[in-house]
$ cat query_28.tsv   # TSV, N, CA and C atoms
chain	number	residue	atom	x	y	z
A	80	MET	N	103.86	88.61	110.28
A	80	MET	CA	103.00	89.74	109.95
A	80	MET	C	101.61	89.21	109.60
A	81	PRO	N	100.53	89.75	110.25
A	81	PRO	CA	99.18	89.25	109.98
A	81	PRO	C	98.74	89.60	108.56
A	82	ALA	N	97.90	88.74	108.01
A	82	ALA	CA	97.38	88.96	106.66
A	82	ALA	C	96.48	90.19	106.65
A	83	SER	N	96.52	90.91	105.56
A	83	SER	CA	95.66	92.07	105.39
A	83	SER	C	94.23	91.60	105.10
A	84	VAL	N	93.27	92.22	105.73
A	84	VAL	CA	91.87	91.85	105.55
A	84	VAL	C	91.18	92.94	104.74
A	85	GLN	N	90.45	92.52	103.72
A	85	GLN	CA	89.64	93.44	102.93
A	85	GLN	C	88.26	92.81	102.78
A	86	VAL	N	87.24	93.54	103.17
A	86	VAL	CA	85.87	93.06	103.07
A	86	VAL	C	85.29	93.54	101.75
A	87	ILE	N	84.69	92.62	101.01
A	87	ILE	CA	84.05	92.93	99.75
A	87	ILE	C	82.55	92.72	99.94
A	88	CYS	N	81.76	93.75	99.63
A	88	CYS	CA	80.31	93.57	99.72
A	88	CYS	C	79.62	94.28	98.56
A	89	GLU	N	78.37	93.89	98.36
A	89	GLU	CA	77.55	94.48	97.32
A	89	GLU	C	76.54	95.42	97.97
A	90	PRO	N	76.10	96.44	97.23
A	90	PRO	CA	75.04	97.30	97.77
A	90	PRO	C	73.78	96.47	98.01
A	91	SER	N	73.06	96.82	99.06
A	91	SER	CA	71.87	96.05	99.41
A	91	SER	C	70.76	96.99	99.87
A	92	GLY	N	70.45	97.97	99.03
A	92	GLY	CA	69.37	98.89	99.35
A	92	GLY	C	69.63	99.77	100.56
A	93	GLY	N	70.88	99.99	100.88
A	93	GLY	CA	71.22	100.83	102.03
A	93	GLY	C	71.49	100.05	103.30
A	94	TYR	N	71.15	98.77	103.31
A	94	TYR	CA	71.36	97.95	104.50
A	94	TYR	C	72.84	97.77	104.81
A	95	GLU	N	73.69	97.99	103.81
A	95	GLU	CA	75.13	97.80	103.99
A	95	GLU	C	75.79	99.02	104.65
A	96	ARG	N	75.09	100.12	104.77
A	96	ARG	CA	75.71	101.37	105.26
A	96	ARG	C	76.29	101.24	106.67
A	97	ALA	N	75.55	100.62	107.58
A	97	ALA	CA	76.04	100.47	108.96
A	97	ALA	C	77.30	99.61	108.99
A	98	LEU	N	77.30	98.56	108.19
A	98	LEU	CA	78.49	97.70	108.11
A	98	LEU	C	79.68	98.49	107.59
A	99	ILE	N	79.48	99.25	106.54
A	99	ILE	CA	80.58	100.04	105.96
A	99	ILE	C	81.11	101.04	106.98
A	100	ARG	N	80.21	101.76	107.66
A	100	ARG	CA	80.65	102.73	108.67
A	100	ARG	C	81.46	102.05	109.77
A	101	ALA	N	80.99	100.90	110.23
A	101	ALA	CA	81.68	100.18	111.31
A	101	ALA	C	83.06	99.72	110.86
A	102	LEU	N	83.16	99.19	109.64
A	102	LEU	CA	84.45	98.70	109.16
A	102	LEU	C	85.43	99.83	108.89
A	103	VAL	N	84.93	100.93	108.33
A	103	VAL	CA	85.81	102.09	108.11
A	103	VAL	C	86.26	102.63	109.46
A	104	GLY	N	85.34	102.68	110.43
A	104	GLY	CA	85.68	103.14	111.77
A	104	GLY	C	86.72	102.25	112.44
A	105	ALA	N	86.69	100.95	112.13
A	105	ALA	CA	87.65	99.99	112.69
A	105	ALA	C	88.94	99.96	111.87
A	106	LYS	N	89.01	100.84	110.86
A	106	LYS	CA	90.19	100.96	110.00
A	106	LYS	C	90.48	99.67	109.21
A	107	LEU	N	89.41	98.99	108.83
A	107	LEU	CA	89.53	97.83	107.95
A	107	LEU	C	89.23	98.26	106.53
A	108	LYS	N	89.83	97.58	105.58
A	108	LYS	CA	89.58	97.88	104.17
A	108	LYS	C	88.23	97.31	103.78
A	109	ILE	N	87.44	98.13	103.08
A	109	ILE	CA	86.16	97.64	102.59
A	109	ILE	C	85.92	98.17	101.19
A	110	SER	N	85.41	97.29	100.35
A	110	SER	CA	85.08	97.64	98.98
A	110	SER	C	83.61	97.37	98.75
A	111	LEU	N	82.95	98.31	98.11
A	111	LEU	CA	81.55	98.16	97.73
A	111	LEU	C	81.53	98.00	96.22
A	112	VAL	N	81.16	96.83	95.75
A	112	VAL	CA	81.22	96.55	94.31
A	112	VAL	C	79.81	96.32	93.78
A	113	PRO	N	79.54	96.84	92.58
A	113	PRO	CA	78.21	96.66	91.98
A	113	PRO	C	77.89	95.18	91.78
A	114	ALA	N	76.68	94.80	92.11
A	114	ALA	CA	76.27	93.40	92.02
A	114	ALA	C	76.38	92.88	90.58
A	115	ASN	N	76.07	93.72	89.60
A	115	ASN	CA	76.14	93.24	88.22
A	115	ASN	C	77.58	92.93	87.80
A	116	ARG	N	78.54	93.63	88.37
A	116	ARG	CA	79.95	93.36	88.07
A	116	ARG	C	80.36	92.00	88.62
A	117	VAL	N	79.90	91.69	89.81
A	117	VAL	CA	80.20	90.39	90.42
A	117	VAL	C	79.48	89.28	89.65
A	118	ARG	N	78.25	89.57	89.22
A	118	ARG	CA	77.49	88.58	88.45
A	118	ARG	C	78.18	88.27	87.13
A	119	GLN	N	78.70	89.30	86.47
A	119	GLN	CA	79.44	89.10	85.22
A	119	GLN	C	80.70	88.27	85.47
A	120	PHE	N	81.37	88.55	86.58
A	120	PHE	CA	82.55	87.78	86.97
A	120	PHE	C	82.17	86.31	87.16
A	121	ALA	N	81.03	86.07	87.81
A	121	ALA	CA	80.56	84.70	88.04
A	121	ALA	C	80.29	84.00	86.72
A	122	ARG	N	79.62	84.68	85.82
A	122	ARG	CA	79.34	84.08	84.51
A	122	ARG	C	80.63	83.73	83.77
A	123	ALA	N	81.61	84.65	83.85
A	123	ALA	CA	82.89	84.41	83.18
A	123	ALA	C	83.58	83.17	83.75
A	124	LYS	N	83.34	82.88	85.03
A	124	LYS	CA	83.93	81.69	85.66
A	124	LYS	C	83.04	80.46	85.48
A	125	GLY	N	81.88	80.66	84.83
A	125	GLY	CA	80.96	79.54	84.61
A	125	GLY	C	80.10	79.21	85.80
A	126	ILE	N	79.96	80.14	86.74
A	126	ILE	CA	79.15	79.91	87.94
A	126	ILE	C	77.77	80.51	87.70
A	127	LEU	N	76.77	79.64	87.63
A	127	LEU	CA	75.41	80.11	87.36
A	127	LEU	C	74.52	80.01	88.59
A	128	ALA	N	74.85	79.11	89.50
A	128	ALA	CA	74.05	78.94	90.72
A	128	ALA	C	74.25	80.13	91.63
A	129	LYS	N	73.25	80.36	92.52
A	129	LYS	CA	73.35	81.50	93.42
A	129	LYS	C	72.82	81.09	94.80
A	130	THR	N	73.73	80.91	95.73
A	130	THR	CA	73.37	80.66	97.13
A	130	THR	C	74.27	81.57	97.97
A	131	ASP	N	73.98	81.69	99.24
A	131	ASP	CA	74.80	82.53	100.12
A	131	ASP	C	76.24	82.02	100.16
A	132	ARG	N	76.41	80.72	100.24
A	132	ARG	CA	77.75	80.13	100.30
A	132	ARG	C	78.52	80.39	99.01
A	133	ILE	N	77.85	80.20	97.87
A	133	ILE	CA	78.49	80.46	96.57
A	133	ILE	C	78.83	81.95	96.45
A	134	ASP	N	77.89	82.81	96.85
A	134	ASP	CA	78.13	84.26	96.79
A	134	ASP	C	79.34	84.67	97.63
A	135	ALA	N	79.46	84.10	98.82
A	135	ALA	CA	80.59	84.45	99.69
A	135	ALA	C	81.92	84.05	99.04
A	136	LYS	N	81.97	82.84	98.50
A	136	LYS	CA	83.19	82.39	97.83
A	136	LYS	C	83.47	83.22	96.58
A	137	LEU	N	82.41	83.58	95.88
A	137	LEU	CA	82.53	84.37	94.66
A	137	LEU	C	83.06	85.77	94.97
A	138	LEU	N	82.55	86.40	96.02
A	138	LEU	CA	83.03	87.74	96.41
A	138	LEU	C	84.51	87.68	96.80
A	139	CYS	N	84.91	86.61	97.46
A	139	CYS	CA	86.32	86.43	97.83
A	139	CYS	C	87.18	86.31	96.57
A	140	ALA	N	86.75	85.48	95.63
A	140	ALA	CA	87.50	85.30	94.38
A	140	ALA	C	87.52	86.60	93.57
A	141	PHE	N	86.40	87.31	93.56
A	141	PHE	CA	86.33	88.59	92.86
A	141	PHE	C	87.34	89.57	93.45
A	142	GLY	N	87.38	89.66	94.77
A	142	GLY	CA	88.32	90.56	95.44
A	142	GLY	C	89.76	90.23	95.12
A	143	GLU	N	90.10	88.96	95.13
A	143	GLU	CA	91.48	88.55	94.82
A	143	GLU	C	91.85	88.86	93.38
A	144	ALA	N	90.92	88.60	92.46
A	144	ALA	CA	91.21	88.77	91.04
A	144	ALA	C	91.15	90.23	90.60
A	145	MET	N	90.18	90.97	91.08
A	145	MET	CA	89.93	92.31	90.55
A	145	MET	C	90.55	93.43	91.40
A	146	GLN	N	90.92	93.13	92.63
A	146	GLN	CA	91.53	94.13	93.52
A	146	GLN	C	90.75	95.45	93.51
A	147	PRO	N	89.46	95.43	93.89
A	147	PRO	CA	88.66	96.66	93.85
A	147	PRO	C	89.16	97.71	94.85
A	148	GLY	N	88.94	98.96	94.52
A	148	GLY	CA	89.34	100.06	95.41
A	148	GLY	C	88.56	100.02	96.71
A	149	THR	N	89.13	100.64	97.72
A	149	THR	CA	88.50	100.63	99.04
A	149	THR	C	87.86	101.98	99.33
A	150	ILE	N	86.96	101.97	100.29
A	150	ILE	CA	86.25	103.17	100.71
A	150	ILE	C	87.02	103.82	101.85
A	151	SER	N	87.23	105.12	101.73
A	151	SER	CA	87.93	105.85	102.80
A	151	SER	C	86.92	106.58	103.68
A	152	ALA	N	87.37	107.01	104.83
A	152	ALA	CA	86.51	107.75	105.75
A	152	ALA	C	86.03	109.05	105.10
A	153	SER	N	86.89	109.71	104.32
A	153	SER	CA	86.47	110.96	103.67
A	153	SER	C	85.42	110.70	102.60
A	154	GLN	N	85.53	109.59	101.87
A	154	GLN	CA	84.50	109.24	100.88
A	154	GLN	C	83.17	108.97	101.57
A	155	LEU	N	83.23	108.33	102.71
A	155	LEU	CA	82.03	108.04	103.48
A	155	LEU	C	81.37	109.34	103.93
A	156	GLU	N	82.18	110.28	104.39
A	156	GLU	CA	81.66	111.58	104.83
A	156	GLU	C	81.06	112.36	103.66
A	157	GLN	N	81.72	112.33	102.51
A	157	GLN	CA	81.19	113.01	101.32
A	157	GLN	C	79.84	112.42	100.92
A	158	GLN	N	79.72	111.10	100.96
A	158	GLN	CA	78.45	110.45	100.63
A	158	GLN	C	77.36	110.88	101.60
A	159	HIS	N	77.70	110.95	102.87
A	159	HIS	CA	76.73	111.38	103.88
A	159	HIS	C	76.28	112.82	103.61
A	160	LEU	N	77.21	113.70	103.26
A	160	LEU	CA	76.85	115.08	102.95
A	160	LEU	C	75.96	115.17	101.72
A	161	ARG	N	76.25	114.34	100.69
A	161	ARG	CA	75.39	114.32	99.49
A	161	ARG	C	73.97	113.87	99.85
A	162	GLU	N	73.87	112.88	100.73
A	162	GLU	CA	72.54	112.41	101.16
A	162	GLU	C	71.79	113.49	101.93
A	163	LEU	N	72.50	114.20	102.80
A	163	LEU	CA	71.87	115.29	103.54
A	163	LEU	C	71.40	116.40	102.60
A	164	GLU	N	72.23	116.74	101.61
A	164	GLU	CA	71.86	117.78	100.64
A	164	GLU	C	70.64	117.34	99.82
A	165	SER	N	70.58	116.09	99.45
A	165	SER	CA	69.44	115.57	98.71
A	165	SER	C	68.16	115.67	99.55
A	166	GLN	N	68.27	115.31	100.81
A	166	GLN	CA	67.12	115.40	101.71
A	166	GLN	C	66.70	116.85	101.90
A	167	ARG	N	67.66	117.75	102.00
A	167	ARG	CA	67.36	119.18	102.15
A	167	ARG	C	66.60	119.69	100.93
A	168	ARG	N	67.05	119.32	99.72
A	168	ARG	CA	66.36	119.74	98.49
A	168	ARG	C	64.92	119.21	98.47
A	169	HIS	N	64.76	117.96	98.88
A	169	HIS	CA	63.43	117.36	98.92
A	169	HIS	C	62.52	118.12	99.89
A	170	LEU	N	63.02	118.40	101.08
A	170	LEU	CA	62.21	119.11	102.07
A	170	LEU	C	61.89	120.54	101.62
A	171	THR	N	62.85	121.20	100.97
A	171	THR	CA	62.62	122.54	100.45
A	171	THR	C	61.51	122.50	99.40
A	172	HIS	N	61.55	121.50	98.54
A	172	HIS	CA	60.52	121.33	97.51
A	172	HIS	C	59.15	121.13	98.16
A	173	LEU	N	59.08	120.28	99.20
A	173	LEU	CA	57.82	120.05	99.90
A	173	LEU	C	57.32	121.33	100.56
A	174	LEU	N	58.22	122.10	101.14
A	174	LEU	CA	57.84	123.35	101.78
A	174	LEU	C	57.22	124.31	100.78
A	175	VAL	N	57.83	124.46	99.61
A	175	VAL	CA	57.31	125.35	98.57
A	175	VAL	C	55.94	124.87	98.11
A	176	MET	N	55.79	123.55	97.95
A	176	MET	CA	54.48	123.00	97.54
A	176	MET	C	53.41	123.33	98.58
A	177	GLU	N	53.74	123.16	99.85
A	177	GLU	CA	52.76	123.45	100.92
A	177	GLU	C	52.46	124.94	101.01
A	178	GLN	N	53.47	125.78	100.82
A	178	GLN	CA	53.23	127.23	100.83
A	178	GLN	C	52.31	127.63	99.68
A	179	ASN	N	52.55	127.06	98.51
A	179	ASN	CA	51.70	127.35	97.36
A	179	ASN	C	50.27	126.84	97.59
A	180	ARG	N	50.15	125.69	98.18
A	180	ARG	CA	48.81	125.14	98.47
A	180	ARG	C	48.09	126.01	99.47
A	181	ALA	N	48.79	126.51	100.48
A	181	ALA	CA	48.17	127.35	101.51
A	181	ALA	C	47.69	128.68	100.92
A	182	ARG	N	48.39	129.20	99.92
A	182	ARG	CA	47.98	130.46	99.27
A	182	ARG	C	46.78	130.27	98.36
A	183	GLY	N	46.67	129.07	97.76
A	183	GLY	CA	45.68	128.82	96.72
A	183	GLY	C	44.33	128.60	97.23

$ encode --input "query_28.tsv" --output "structure tokens"
Amino acid sequence: MPASVQVICEPSGGYERALIRALVGAKLKISLVPANRVRQFARAKGILAKTDRIDAKLLCAFGEAMQPGTISASQLEQQHLRELESQRRHLTHLLVMEQNRARG
């Protein structure tokens, strides 16, 4: 039986979104964990250095030790809907501002 694969990543200003969508679409387990939580884990293990190689090993150790929850397709869809609603509110606000400016 093949080993179960779970990808652990940190938020990166939205750059991780395409990766998350692709992995969820491929039906792979993916966890998005706050960077400060991983940093605290590193400190607890006495790891103070920060390089890509160290981060990769640290995320692996974090995943094994902490067993973070995974993102489901429905959670991904809910997040997308929240983002669309936020954008809609922003555009509505801009529209009202422009209408008020045009009247003034």

$ residues_around --input "query_28.tsv" --residues "Val84 in chain A" --least-positions-apart "5" --cutoff "10 Å" --atoms "only C-alpha atoms" --output "list in words"
Leu107, Lys108 and Ile109 of chain A

$ closest_residue --input "query_28.tsv" --among "A:Leu102, A:Ala121, A:Ala152, A:Ala114" --to "Leu137 in chain A" --atoms "only N, CA and C atoms"
A:Ala121

$ atom_distance --input "query_28.tsv" --atom1 "CA of Val112 in chain A" --atom2 "CA of Glu89 in chain A"
5.2 Å

$ select_by_dssp --input "query_28.tsv" --residues "chain A" --states "helix (DSSP H, G or I)" --output "VMD selection string"
chain A and resid 96 to 104 114 to 123 131 to 145 152 to 182

$ axis_aligned_box --input "query_28.tsv" --around "range 166-170 of chain A" --padding-each-side "4 Å" --output "lines of an AutoDock Vina configuration file"
center_x = 65.1
center_y = 117.9
center_z = 100.3
size_x = 14.4
size_y = 13.2
size_z = 11.7

$ atom_distance --input "query_28.tsv" --atom1 "CA of Gln154 in chain A" --atom2 "CA of Cys139 in chain A"
23.1 Å

$ select_by_dssp --input "query_28.tsv" --residues "range 83-176 of chain A" --states "strand (DSSP E)" --output "ChimeraX atom specification"
/A:85-88,108-111

$ closest_residue --input "query_28.tsv" --among "A:Leu155, A:Ala181, A:Leu174, A:Met145" --to "Ala97 in chain A" --atoms "only C-alpha atoms"
A:Leu155

$ closest_residue --input "query_28.tsv" --among "A:Arg168, A:Ser151, A:Gln158, A:Arg180" --to "Gly104 in chain A" --atoms "only N, CA and C atoms"
A:Ser151

$ closest_residue --input "query_28.tsv" --among "A:Leu160, A:Ala123, A:Val86, A:Ala135" --to "Ile99 in chain A" --atoms "only C-alpha atoms"
A:Val86

$ atom_distance --input "query_28.tsv" --atom1 "CA of Val103 in chain A" --atom2 "atom N of Arg161 in chain A"
17.2 Å

$ decode --input "query_28.tsv" --residues "range 88-126 of chain A" --atoms "N, CA and C atoms" --output "PDB file, in the first residue's frame"
ATOM      1  N   CYS A  88       2.052  23.551   3.893  1.00  0.00           N
ATOM      2  CA  CYS A  88       2.624  24.812   3.426  1.00  0.00           C
ATOM      3  C   CYS A  88       2.142  25.963   4.300  1.00  0.00           C
ATOM      4  N   GLU A  89       2.860  27.066   4.185  1.00  0.00           N
ATOM      5  CA  GLU A  89       2.520  28.276   4.922  1.00  0.00           C
ATOM      6  C   GLU A  89       1.897  29.277   3.956  1.00  0.00           C
ATOM      7  N   PRO A  90       1.043  30.158   4.468  1.00  0.00           N
ATOM      8  CA  PRO A  90       0.511  31.217   3.599  1.00  0.00           C
ATOM      9  C   PRO A  90       1.653  32.089   3.094  1.00  0.00           C
ATOM     10  N   SER A  91       1.519  32.552   1.871  1.00  0.00           N
ATOM     11  CA  SER A  91       2.580  33.351   1.270  1.00  0.00           C
ATOM     12  C   SER A  91       1.983  34.490   0.464  1.00  0.00           C
ATOM     13  N   GLY A  92       1.131  35.269   1.109  1.00  0.00           N
ATOM     14  CA  GLY A  92       0.546  36.427   0.440  1.00  0.00           C
ATOM     15  C   GLY A  92      -0.372  36.082  -0.715  1.00  0.00           C
ATOM     16  N   GLY A  93      -0.936  34.901  -0.708  1.00  0.00           N
ATOM     17  CA  GLY A  93      -1.841  34.492  -1.776  1.00  0.00           C
ATOM     18  C   GLY A  93      -1.163  33.670  -2.868  1.00  0.00           C
ATOM     19  N   TYR A  94       0.160  33.649  -2.874  1.00  0.00           N
ATOM     20  CA  TYR A  94       0.882  32.896  -3.901  1.00  0.00           C
ATOM     21  C   TYR A  94       0.650  31.397  -3.781  1.00  0.00           C
ATOM     22  N   GLU A  95       0.207  30.955  -2.607  1.00  0.00           N
ATOM     23  CA  GLU A  95      -0.017  29.526  -2.380  1.00  0.00           C
ATOM     24  C   GLU A  95      -1.368  29.055  -2.927  1.00  0.00           C
ATOM     25  N   ARG A  96      -2.236  29.961  -3.311  1.00  0.00           N
ATOM     26  CA  ARG A  96      -3.604  29.588  -3.717  1.00  0.00           C
ATOM     27  C   ARG A  96      -3.646  28.628  -4.903  1.00  0.00           C
ATOM     28  N   ALA A  97      -2.849  28.891  -5.927  1.00  0.00           N
ATOM     29  CA  ALA A  97      -2.843  28.011  -7.109  1.00  0.00           C
ATOM     30  C   ALA A  97      -2.364  26.613  -6.734  1.00  0.00           C
ATOM     31  N   LEU A  98      -1.355  26.549  -5.886  1.00  0.00           N
ATOM     32  CA  LEU A  98      -0.855  25.251  -5.423  1.00  0.00           C
ATOM     33  C   LEU A  98      -1.948  24.504  -4.668  1.00  0.00           C
ATOM     34  N   ILE A  99      -2.622  25.184  -3.772  1.00  0.00           N
ATOM     35  CA  ILE A  99      -3.677  24.549  -2.975  1.00  0.00           C
ATOM     36  C   ILE A  99      -4.791  24.034  -3.883  1.00  0.00           C
ATOM     37  N   ARG A 100      -5.235  24.871  -4.834  1.00  0.00           N
ATOM     38  CA  ARG A 100      -6.289  24.436  -5.762  1.00  0.00           C
ATOM     39  C   ARG A 100      -5.862  23.202  -6.541  1.00  0.00           C
ATOM     40  N   ALA A 101      -4.630  23.202  -7.030  1.00  0.00           N
ATOM     41  CA  ALA A 101      -4.132  22.076  -7.822  1.00  0.00           C
ATOM     42  C   ALA A 101      -4.069  20.803  -6.982  1.00  0.00           C
ATOM     43  N   LEU A 102      -3.587  20.914  -5.752  1.00  0.00           N
ATOM     44  CA  LEU A 102      -3.468  19.725  -4.902  1.00  0.00           C
ATOM     45  C   LEU A 102      -4.824  19.197  -4.465  1.00  0.00           C
ATOM     46  N   VAL A 103      -5.745  20.103  -4.145  1.00  0.00           N
ATOM     47  CA  VAL A 103      -7.101  19.664  -3.782  1.00  0.00           C
ATOM     48  C   VAL A 103      -7.754  19.015  -5.003  1.00  0.00           C
ATOM     49  N   GLY A 104      -7.546  19.614  -6.180  1.00  0.00           N
ATOM     50  CA  GLY A 104      -8.084  19.038  -7.414  1.00  0.00           C
ATOM     51  C   GLY A 104      -7.519  17.658  -7.712  1.00  0.00           C
ATOM     52  N   ALA A 105      -6.263  17.431  -7.323  1.00  0.00           N
ATOM     53  CA  ALA A 105      -5.613  16.130  -7.528  1.00  0.00           C
ATOM     54  C   ALA A 105      -5.933  15.160  -6.388  1.00  0.00           C
ATOM     55  N   LYS A 106      -6.796  15.615  -5.470  1.00  0.00           N
ATOM     56  CA  LYS A 106      -7.239  14.799  -4.331  1.00  0.00           C
ATOM     57  C   LYS A 106      -6.080  14.403  -3.401  1.00  0.00           C
ATOM     58  N   LEU A 107      -5.126  15.320  -3.271  1.00  0.00           N
ATOM     59  CA  LEU A 107      -4.041  15.139  -2.313  1.00  0.00           C
ATOM     60  C   LEU A 107      -4.365  15.933  -1.056  1.00  0.00           C
ATOM     61  N   LYS A 108      -3.880  15.460   0.069  1.00  0.00           N
ATOM     62  CA  LYS A 108      -4.097  16.165   1.327  1.00  0.00           C
ATOM     63  C   LYS A 108      -3.169  17.369   1.383  1.00  0.00           C
ATOM     64  N   ILE A 109      -3.733  18.508   1.778  1.00  0.00           N
ATOM     65  CA  ILE A 109      -2.911  19.704   1.941  1.00  0.00           C
ATOM     66  C   ILE A 109      -3.347  20.449   3.186  1.00  0.00           C
ATOM     67  N   SER A 110      -2.359  20.921   3.918  1.00  0.00           N
ATOM     68  CA  SER A 110      -2.607  21.702   5.122  1.00  0.00           C
ATOM     69  C   SER A 110      -1.937  23.055   4.964  1.00  0.00           C
ATOM     70  N   LEU A 111      -2.651  24.095   5.327  1.00  0.00           N
ATOM     71  CA  LEU A 111      -2.117  25.447   5.327  1.00  0.00           C
ATOM     72  C   LEU A 111      -1.958  25.847   6.789  1.00  0.00           C
ATOM     73  N   VAL A 112      -0.729  26.003   7.225  1.00  0.00           N
ATOM     74  CA  VAL A 112      -0.474  26.279   8.643  1.00  0.00           C
ATOM     75  C   VAL A 112       0.135  27.667   8.797  1.00  0.00           C
ATOM     76  N   PRO A 113      -0.284  28.394   9.835  1.00  0.00           N
ATOM     77  CA  PRO A 113       0.263  29.734  10.062  1.00  0.00           C
ATOM     78  C   PRO A 113       1.775  29.693  10.281  1.00  0.00           C
ATOM     79  N   ALA A 114       2.471  30.615   9.662  1.00  0.00           N
ATOM     80  CA  ALA A 114       3.934  30.651   9.751  1.00  0.00           C
ATOM     81  C   ALA A 114       4.404  30.809  11.196  1.00  0.00           C
ATOM     82  N   ASN A 115       3.683  31.593  11.992  1.00  0.00           N
ATOM     83  CA  ASN A 115       4.125  31.788  13.375  1.00  0.00           C
ATOM     84  C   ASN A 115       4.030  30.494  14.185  1.00  0.00           C
ATOM     85  N   ARG A 116       3.086  29.630  13.846  1.00  0.00           N
ATOM     86  CA  ARG A 116       2.955  28.344  14.535  1.00  0.00           C
ATOM     87  C   ARG A 116       4.153  27.445  14.216  1.00  0.00           C
ATOM     88  N   VAL A 117       4.570  27.457  12.974  1.00  0.00           N
ATOM     89  CA  VAL A 117       5.739  26.667  12.563  1.00  0.00           C
ATOM     90  C   VAL A 117       7.003  27.254  13.194  1.00  0.00           C
ATOM     91  N   ARG A 118       7.070  28.578  13.256  1.00  0.00           N
ATOM     92  CA  ARG A 118       8.232  29.234  13.868  1.00  0.00           C
ATOM     93  C   ARG A 118       8.346  28.878  15.347  1.00  0.00           C
ATOM     94  N   GLN A 119       7.209  28.862  16.043  1.00  0.00           N
ATOM     95  CA  GLN A 119       7.205  28.476  17.455  1.00  0.00           C
ATOM     96  C   GLN A 119       7.650  27.019  17.612  1.00  0.00           C
ATOM     97  N   PHE A 120       7.197  26.173  16.709  1.00  0.00           N
ATOM     98  CA  PHE A 120       7.605  24.770  16.711  1.00  0.00           C
ATOM     99  C   PHE A 120       9.124  24.676  16.536  1.00  0.00           C
ATOM    100  N   ALA A 121       9.663  25.483  15.619  1.00  0.00           N
ATOM    101  CA  ALA A 121      11.111  25.485  15.373  1.00  0.00           C
ATOM    102  C   ALA A 121      11.861  25.917  16.626  1.00  0.00           C
ATOM    103  N   ARG A 122      11.400  26.964  17.256  1.00  0.00           N
ATOM    104  CA  ARG A 122      12.055  27.432  18.487  1.00  0.00           C
ATOM    105  C   ARG A 122      12.035  26.353  19.563  1.00  0.00           C
ATOM    106  N   ALA A 123      10.880  25.673  19.685  1.00  0.00           N
ATOM    107  CA  ALA A 123      10.761  24.617  20.692  1.00  0.00           C
ATOM    108  C   ALA A 123      11.756  23.486  20.424  1.00  0.00           C
ATOM    109  N   LYS A 124      12.100  23.274  19.155  1.00  0.00           N
ATOM    110  CA  LYS A 124      13.074  22.237  18.791  1.00  0.00           C
ATOM    111  C   LYS A 124      14.506  22.778  18.818  1.00  0.00           C
ATOM    112  N   GLY A 125      14.637  24.086  19.119  1.00  0.00           N
ATOM    113  CA  GLY A 125      15.965  24.693  19.167  1.00  0.00           C
ATOM    114  C   GLY A 125      16.521  25.070  17.813  1.00  0.00           C
ATOM    115  N   ILE A 126      15.662  25.182  16.806  1.00  0.00           N
ATOM    116  CA  ILE A 126      16.106  25.533  15.452  1.00  0.00           C
ATOM    117  C   ILE A 126      15.913  27.029  15.263  1.00  0.00           C
TER     118      ILE A 126
END
